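Student: Here it is, the structure, as structure tokens.
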Amino acid sequence: MSQDIDTSKEESQADAAARRAGGEFVRGVSAFRHMIGVASDFPAEPDRYHLFVALNCPWCHRVSLARGVLGLTARLSMDIAYPNRTDEDDPAGPNFWQFAPDRPSPLTGAPLPECTAETGTGSGFRLAKEIYAAEGSDERSLPILYDKKTRRIVSNESAEIVRMLGAHAKALGSEFSAERIPDLYPDGEAYADLRHEIDVLNNEIYVAINNGSYKAGFSSNQEVYETAFQNYFDTLSMLESRLASDGRPFLTGDRFTEADLRLFPTLYRHDPIYYVRMKLNGARILDYPHLWRWLCRVYALHGVAQSCSLLHCRQGYFGRTWNRTIPAGPLHPMRYPDAYEHPELGA
């Protein structure tokens with residue numbers, strides 16, 4: 001990787017093999033990086049594109065959030081994978097995202113109503129890796145933005161998918177008027193300072209919060225874990241102070257931007273999932289009153305709650321632990337996600 005890597009999107013791959021061997025979690029880099037646009041093989045058109053996501057995956061959550069808040073749910077179709085990947089006894093092998101709408105949940109004993117078959121390619125694939133294999137790739141990750149017309153993968157980089165959906169929401173068929181569509185990353189010279197502010201926040205949030213939570217939870221090196229733990233909570237304290245400084249409703253002020261959208265999936269998971277699963281037990285978001293109210297405020301936005309499933313998250317994260325037992329809590333001060341409808345619960 002070059003030294004000018006955009007660390008708000010991806011992690012440096014320098015010495016990645018040695019770092020992984022030393023116990024550090026190192027996230028890979030997405031290979032499909034096409035862009036939707038006018039001078040592109042992928043013009044912005046309603047009903048042309050399709051998303052493949054898993055509701056427990058925070059990178060997918062960014063994309064489903066963008067789809068919801070931008071009013072694209074009717075014109076940007078979407079398939080949802082089962083929250084657990086394939087097991088060792090699967091004919092294809094372990095650890096593949098699968099489309100399994102009839103598979104029962106260990107939490108409910110019944111199929112999860114959100115889960116779908118694969119409908120985007122026309123081939124009815126069972127595994128996400130088969131979507132890639134059709135283009136000669138051995139990648140396996142979600143999310144995927146797919147062009148149903150050319151039957152090609154546009155992108156599997158969540159940050160770039162969010163940016164594309166925001167930039168072309170109206171042309172992609174948003175149900176909102178142009179004035180109502182949230183401008184997640186405003187264009188034009190008048191907004192240069194705001195874009196810079198969003199860029200800085202995106203970088204801090206990705207490194208310390210989004211990817212930092214995984215370094216804490218999935219690194220087996222104690223030093224790497226403790227550094228990630230400290231950076232995570234230092235950044236939460238910085239964001240708490242930022243919101244508290246002038247009572248602003250969102251990270252950059254009065255408007256909901258890409259920075260808010262990218263922070264939300266991790267904080268949504270923190271109290272009920274990451275506090276235990278990622279060993280991030282320094283504090284709850286409930287212990288940060290301004291961040292808690294921010295979290296509840298974002299959860300109340302149009303399209304946000306519908307993009308979330310804590311059941312998928314609990315099953316997906318804890319279902320990958322050694323004994324696959326899924327914690328029943330937290331129960332205090334009330335069950336999640338109901339708690340996100342109560343900003344007054346914050347300390």
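Letters A, B, ... mark the chains of the structure tokens in the order given; residue numbers begin at 1 per chain; ligand numbers begin at 1, in order shown.
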Skipping near chain neighbours, those fewer than 4 positions away, what residues fall within 12 Å of A:Phe125 using only C-alpha atoms, listed as a PyMOL selection string?

Tutor: chain A and resi 52+79+81+97-100+116-121+129-134

Student: Generate the output file for the selected residues, C-alpha atoms, as a PDB file, in the first residue's frame.

Tutor:
ATOM      1  CA  PHE A  52     -26.091  -7.807  -0.695  1.00  0.00           C
ATOM      2  CA  ASP A  79     -30.805  -9.302  -0.163  1.00  0.00           C
ATOM      3  CA  ALA A  81     -27.656 -13.012   4.413  1.00  0.00           C
ATOM      4  CA  TRP A  97     -21.688 -15.685   4.060  1.00  0.00           C
ATOM      5  CA  GLN A  98     -24.789 -17.649   3.087  1.00  0.00           C
ATOM      6  CA  PHE A  99     -28.304 -16.870   1.903  1.00  0.00           C
ATOM      7  CA  ALA A 100     -30.467 -19.188   3.985  1.00  0.00           C
ATOM      8  CA  THR A 116     -33.712 -13.643   1.943  1.00  0.00           C
ATOM      9  CA  ALA A 117     -32.676 -15.895  -0.875  1.00  0.00           C
ATOM     10  CA  GLU A 118     -30.175 -14.442  -3.357  1.00  0.00           C
ATOM     11  CA  THR A 119     -32.249 -12.589  -5.940  1.00  0.00           C
ATOM     12  CA  GLY A 120     -29.904  -9.953  -7.334  1.00  0.00           C
ATOM     13  CA  THR A 121     -27.893 -11.930  -9.883  1.00  0.00           C
ATOM     14  CA  LYS A 129     -18.495 -16.082  -2.653  1.00  0.00           C
ATOM     15  CA  GLU A 130     -20.326 -17.422  -5.716  1.00  0.00           C
ATOM     16  CA  ILE A 131     -21.234 -13.855  -6.725  1.00  0.00           C
ATOM     17  CA  TYR A 132     -17.513 -13.085  -6.778  1.00  0.00           C
ATOM     18  CA  ALA A 133     -16.585 -16.365  -8.460  1.00  0.00           C
ATOM     19  CA  ALA A 134     -18.857 -15.454 -11.376  1.00  0.00           C
TER      20      ALA A 134
END

Student: Can you tell me which residues surround stretch 143-156 of chain A at a distance of at most 9 Å, considering only C-alpha atoms, apart from same-chain residues fewer than 2 positions away, and format the answer as a ChimeraX atom specification?

Tutor: /A:30-36,42,47-54,57,59-61,63,120-122,128,131-132,134-135,141,158,160-161

Student: Within 12 Å of A:Ser8, counting only C-alpha atoms, which residues qualify if same-chain residues fewer than 3 places away don't, as a PyMOL selection string?

Tutor: chain A and resi 4-5+11-12+157-160+198-212+258-259+262-263

Student: Would you kindly return, as a list in words, each protein, DNA or RNA residue with an atom no farther than 9 Å from any atom of A:Asn84, considering only C-alpha atoms and excluding same-chain residues fewer than 4 positions away?

Tutor: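 Counting only the stated atoms, we get Asn56, Asn95, Phe96, Trp97, Gln98, His312, Gln315, Gly316, Tyr317, Gly319 and Arg320 of chain A.
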
Student: Applying 9 Å and only C-alpha atoms, which residues near A:Asp183 remain after dropping the ones on its own chain fewer than 6 positions away? List them as a JSON list (two decimals) with N, CA and C atoms, in the first residue's frame.

Tutor:
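Saved as part_9.json:
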[["chain", "number", "residue", "atom", "x", "y", "z"],
["A", 70, "LEU", "N", -31.64, 7.81, 2.95],
["A", 70, "LEU", "CA", -31.69, 8.52, 1.66],
["A", 70, "LEU", "C", -32.98, 8.24, 0.89],
["A", 166, "GLY", "N", -25.10, 8.59, -1.51],
["A", 166, "GLY", "CA", -25.39, 9.95, -1.12],
["A", 166, "GLY", "C", -25.31, 10.92, -2.29],
["A", 167, "ALA", "N", -24.31, 10.74, -3.13],
["A", 167, "ALA", "CA", -24.11, 11.67, -4.25],
["A", 167, "ALA", "C", -25.17, 11.53, -5.33],
["A", 255, "ARG", "N", -26.50, 19.43, 11.14],
["A", 255, "ARG", "CA", -26.87, 18.51, 10.09],
["A", 255, "ARG", "C", -26.29, 17.12, 10.31],
["A", 256, "PHE", "N", -27.06, 16.11, 9.95],
["A", 256, "PHE", "CA", -26.64, 14.71, 9.96],
["A", 256, "PHE", "C", -25.77, 14.48, 8.73],
["A", 257, "THR", "N", -24.54, 14.02, 8.94],
["A", 257, "THR", "CA", -23.61, 13.83, 7.83],
["A", 257, "THR", "C", -23.06, 12.41, 7.81],
["A", 258, "GLU", "N", -22.21, 12.18, 6.84],
["A", 258, "GLU", "CA", -21.55, 10.89, 6.69],
["A", 258, "GLU", "C", -20.80, 10.47, 7.96]]

Student: Using only C-alpha atoms, which protein or nucleic acid residues come within 10 Å of A:Gln230? Drop anything in the same chain fewer than 2 positions from it, and give the result as a list in words.

Tutor: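 Residues near the query, excluding close chain neighbours: Ala208, Gly212, Ala216, Tyr225, Glu226, Thr227, Ala228, Tyr232, Phe233, Asp234, Thr235, Leu236, Leu280 and Gly282 of chain A.
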
Student: Okay, now the selection with N, CA and C atoms, as a short mmCIF file (atom, residue, chain, number, x, y, z; two decimals), in the first residue's frame?

Tutor:
data_model
loop_
_atom_site.label_atom_id
_atom_site.label_comp_id
_atom_site.auth_asym_id
_atom_site.auth_seq_id
_atom_site.Cartn_x
_atom_site.Cartn_y
_atom_site.Cartn_z
N ALA A 208 -10.02 4.44 15.22
CA ALA A 208 -10.13 4.14 16.65
C ALA A 208 -11.42 3.43 17.04
N GLY A 212 -11.04 -0.04 15.17
CA GLY A 212 -10.43 -0.22 16.49
C GLY A 212 -11.16 -1.23 17.35
N ALA A 216 -9.49 -4.57 19.06
CA ALA A 216 -9.63 -4.95 20.46
C ALA A 216 -10.22 -6.35 20.60
N TYR A 225 -4.28 -5.30 21.83
CA TYR A 225 -5.61 -5.13 22.44
C TYR A 225 -5.66 -3.90 23.34
N GLU A 226 -4.68 -3.77 24.24
CA GLU A 226 -4.72 -2.66 25.19
C GLU A 226 -4.59 -1.31 24.50
N THR A 227 -3.78 -1.24 23.44
CA THR A 227 -3.67 0.00 22.68
C THR A 227 -4.99 0.34 22.01
N ALA A 228 -5.63 -0.67 21.40
CA ALA A 228 -6.91 -0.45 20.75
C ALA A 228 -7.98 -0.04 21.77
N TYR A 232 -9.87 3.54 21.64
CA TYR A 232 -11.33 3.50 21.49
C TYR A 232 -11.98 4.43 22.52
N PHE A 233 -11.62 4.28 23.77
CA PHE A 233 -12.27 5.08 24.81
C PHE A 233 -11.77 6.52 24.83
N ASP A 234 -10.54 6.75 24.42
CA ASP A 234 -10.08 8.14 24.26
C ASP A 234 -10.91 8.86 23.20
N THR A 235 -11.20 8.15 22.12
CA THR A 235 -11.97 8.77 21.03
C THR A 235 -13.42 8.96 21.43
N LEU A 236 -14.00 8.01 22.17
CA LEU A 236 -15.35 8.24 22.69
C LEU A 236 -15.39 9.48 23.57
N LEU A 280 -14.56 -4.55 25.28
CA LEU A 280 -14.54 -3.09 25.42
C LEU A 280 -15.40 -2.69 26.62
N GLY A 282 -14.73 -0.84 29.22
CA GLY A 282 -14.32 0.35 29.96
C GLY A 282 -15.49 1.20 30.39
#

Student: Atom CA of A:Ser219 to atom CA of A:Arg27: how many Å, to one decimal?

Tutor: 11.0 Å

Student: Separation of atom CA of A:Ser213 and atom CA of A:Pro83, in Å?

Tutor: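 So the two atoms, atom CA of A:Ser213 and atom CA of A:Pro83, lie 19.0 Å apart.
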
Student: Smallest atom-to-atom distance to A:Ala300: which of A:Pro337, A:Gly217, A:Gly124, A:Pro272, using only C-alpha atoms?

Tutor: A:Pro337

Student: A:Leu112, A:Leu301, A:Ile326, A:Val29: which is nearest A:Arg140, counting only C-alpha atoms?

Tutor: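 Under the stated criterion, the closest residue is A:Val29.
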